[in-house]
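K.L.:
Sending over a structure as structure tokens; questions will come in a sec.
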Amino acid sequence: MTWPLSQRIHSFKPSATVNISTLAAQMQAEGKDIINLAMGEPDFDTPSHIIDAASKAMAAGQTRYTNVSGTLSLRQAICDKYRRENNLNYQADQVLVSNGAKQSIYNLSVALLEAGDQVIIPAPFWVSYSAMVTMAGAWPVIITCDASQAFKMSAKQLLKAITPATKLLMLNSPSNPSGHAYSRDEWVAIGEVLRLHPQVMVVSDDIYEHIYWGEAPLLNLLNVCPHLADRCVLVNGVSKAYAMTGWRIGYAVGPKLIIDAMKKVQTESSSCASSISQAGAQAALNGPQDSLNTRLTAYKLRHDFVVAQLNAMSGLKALANQGTFYSFVNCTAAMATRAYKDDISLVEDILKHTGVALVPGSAFGLPGHFRLSYATDLSLLQQACQRLAVFFNH
């Protein structure tokens, strides 16, 4: 029987990242030699002290529902983290723990947005931002930011894009997929534009803050523009920094009024995050942090290798970036030479002929590119680059 589905669901396209990874997995099951550089997932194991903390929590009977906002001890650990690492002060009632940072952003979208509202999203952007805005009934306004501006939105672009209907600005620094981060001067300029438009809320997705090697200290918007604190929600989580993607713990901090509204959304959708995962996240935030630097060194080494290799390939241009574990590569020249109609066709052909899985840039709002994740072993990256070099240089 065919059931009538909502018009809303018909408007969504499956995630390109998931599509490519699914196809890669299918090819691998068929016996093909696949190197999957599509998924943004650390290849490291979760640190042992975090696993031990979760195991002890289970043994101690911490296997029941928690407060929807998260355990008080984890929320306090999050407050301590912001005070210690970001010089920002929050109270436990300004924190909401969710099932991943994605849910945090979705909670905000549903709590804040209505039909007719506009949300400014600089492109390239993480694939789910525009979908969540649309799901909430609002309208995504995409600002194209190319390599000439290091894939970052200028204050001038922001000023031009804001209208009376603008309700929210979505920011991500360091950015997935570009790996670039906003500087102090860039934050100052953006903050001055926002000062002129007090109706605009801001969500800052800081999930990659611990994977950053830029020369200047990493700053988020509120470090530079504290006057925006009453309309800014910061989103973070333990997935990327602590290799805890499957634990599904993200969190948001911000004005209590907004956090309370987000809590209402979560109450009626998923309720609390896993109590066991919360115990692990608490150990991650309160425990030793030495693994962060070890992994950062590995990511930077991989970044340097991959960028050099890509720039030696015909028709590709890859900017050196400042963080994350992605390279966002301009492939327009390669597409023109080979007469590909779009980057999706190119990526599919690469997978078919080389066994290397990448994600098309159109999924991130900027066609003519592809994203390569180097969150994998250097030896595999060497093999992948050898295959790509044969493909592009022949």
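For the structure tokens, the naming scheme is as follows: chains receive sequential letters (A, B, ...) according to their order of presentation, residues are indexed from 1 within each chain, and ligands are indexed from 1 in presentation order.
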With 8 Å as the cut-off and only C-alpha atoms counted, what is the closest atom pair between each nearby residue of region 31-135 of chain A and region 175-192 of chain A? Distances in Å to one decimal, ordered by chain and number, as a Markdown table.

P.N.:
| residue | atom | partner | partner_atom | distance |
| --- | --- | --- | --- | --- |
| A:Pro124 | CA | A:Pro177 | CA | 6.8 |
| A:Phe125 | CA | A:Asn176 | CA | 6.5 |
| A:Trp126 | CA | A:Asn176 | CA | 5.6 |

K.L.:
Let me see the file: selected residues, C-alpha atoms, as a PDB file, in the first residue's frame.

P.N.:
ATOM      1  CA  PRO A 124      29.981  26.060   2.096  1.00  0.00           C
ATOM      2  CA  PHE A 125      27.992  24.783   5.070  1.00  0.00           C
ATOM      3  CA  TRP A 126      27.480  21.506   6.883  1.00  0.00           C
TER       4      TRP A 126
END

K.L.:
List every residue of region 279-359 of chain A that has an atom at most 12 Å from any atom of region 128-148 of chain A, giving for each one its closest atom pair and the distance in Å to one decimal, counting only C-alpha atoms, sorted by chain and then by ascending residue number, as CSV.

P.N.:
residue,atom,partner,partner_atom,distance
A:Lys317,CA,A:Ala147,CA,9.5
A:Ala318,CA,A:Ala147,CA,9.0
A:Leu319,CA,A:Ala147,CA,7.5
A:Ala320,CA,A:Ala147,CA,10.6
A:Asn321,CA,A:Ala147,CA,10.8
A:Ser327,CA,A:Ala147,CA,11.9
A:Phe328,CA,A:Ala147,CA,9.4
A:Val329,CA,A:Ala147,CA,9.4
A:Asn330,CA,A:Ala147,CA,8.3
A:Cys331,CA,A:Ala147,CA,12.0

K.L.:
List as a list in words the protein and nucleic acid residues near Leu169 (chain A), meaning an atom at most 6 Å away when only C-alpha atoms are counted, but skip any in the same chain fewer than 4 places from it.

P.N.:
Val119, Ile120 and Val202 of chain A

K.L.:
Running DSSP on the backbone, which parts of region 156-313 of chain A land in alpha helix (DSSP H), as a count of residues only?

P.N.:
70

K.L.:
Using DSSP on the backbone, list every residue of region 223-261 of chain A that comes out as strand (DSSP E), and give them as number ranges by chain.

P.N.:
A: 232-237, 250-253

K.L.:
Using only C-alpha atoms, pick whichever of A:Asn87, A:Gly315, A:Lys81, A:Ser345 has the shortest atom-to-atom distance to Gln289 (chain A).

P.N.:
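Using only C-alpha atoms, the shortest distance to Gln289 (chain A) belongs to A:Lys81.
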
K.L.:
Which residue, A:Ala161, A:Ile258, A:Met58, A:Ile9, has the smallest gap to Leu112 (chain A) when you use only C-alpha atoms?

P.N.:
A:Ile258

K.L.:
Would you list the contacts of Ala252 (chain A) as number ranges by chain, taking every protein, DNA or RNA residue within 10 Å and counting only C-alpha atoms, but skipping same-chain residues closer than 3 positions in sequence?

P.N.:
A: 69, 75, 78, 94-98, 100-101, 103-105, 107-108, 203-205, 233-237, 259, 262

K.L.:
Fewer than 2 positions away in the same chain doesn't count, so skip those; otherwise give me all residues within 10 Å of region 17-23 of chain A, counting only C-alpha atoms, as an MDAnalysis selection string.

P.N.:
chainID A and resid 14:15 25:29 36:40 127 344 347:348 351:352 357:360 363:364 371

K.L.:
Those same residues - C-alpha atoms - I'd like them written as a compact mmCIF listing (two decimals), in the first residue's frame.

P.N.:
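again-v7.txt written:
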# COMPACT_ATOMS: atom_id res chain seq x y z
CA PRO A 14 19.00 12.15 1.22
CA SER A 15 22.34 13.27 2.64
CA ALA A 25 29.79 0.11 1.65
CA GLN A 26 27.80 -1.71 -1.01
CA MET A 27 30.83 -1.84 -3.31
CA GLN A 28 32.98 -3.04 -0.42
CA ALA A 29 30.48 -5.82 0.33
CA ASN A 36 36.12 5.77 2.39
CA LEU A 37 37.11 9.41 2.78
CA ALA A 38 33.50 10.60 2.86
CA MET A 39 32.54 10.29 6.53
CA GLY A 40 33.59 12.89 9.10
CA VAL A 127 24.92 19.53 4.90
CA ILE A 344 28.20 14.65 -8.20
CA VAL A 347 32.63 12.00 -7.36
CA GLU A 348 30.62 9.00 -8.50
CA LEU A 351 34.44 6.06 -6.63
CA LYS A 352 33.74 3.77 -9.58
CA ALA A 357 34.78 7.79 -1.66
CA LEU A 358 34.47 11.59 -1.49
CA VAL A 359 31.54 13.99 -0.99
CA PRO A 360 30.46 16.44 -3.74
CA ALA A 363 26.02 18.94 -0.84
CA PHE A 364 27.63 21.78 1.10
CA ARG A 371 35.29 17.24 0.37

K.L.:
Between CA of His369 (chain A) and CA of Trp213 (chain A), measure the distance and give it in Å to one decimal.

P.N.:
23.3 Å

K.L.:
A:Ala284, A:Leu228, A:Leu380, A:Ala92: which is nearest Asp260 (chain A), counting only C-alpha atoms?

P.N.:
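Counting only C-alpha atoms, the residue closest to Asp260 (chain A) is A:Ala92.
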
K.L.:
With distances taken over only C-alpha atoms, which residue among A:Cys225, A:Leu74, A:Leu301, A:Leu378 lies nearest Ile249 (chain A)?

P.N.:
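Closest candidate: A:Leu74.
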
K.L.:
Smallest atom-to-atom distance to Leu222 (chain A): which of A:Val200, A:Leu88, A:Ala77, A:Ala281, using only C-alpha atoms?

P.N.:
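Ranked by minimum distance to Leu222 (chain A), first place goes to A:Leu88.
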
K.L.:
Can you tell me, as a count of residues only, what residues are no more than 8 Å from Gln76 (chain A) when counting only C-alpha atoms, ignoring any on the same chain fewer than 3 positions away?

P.N.:
6

K.L.:
Check the smallest atom-to-atom distance from each of A:Cys385, A:Asp290, A:Leu285, A:Pro122 to Arg84 (chain A) using only C-alpha atoms, then report the winner.

P.N.:
A:Leu285
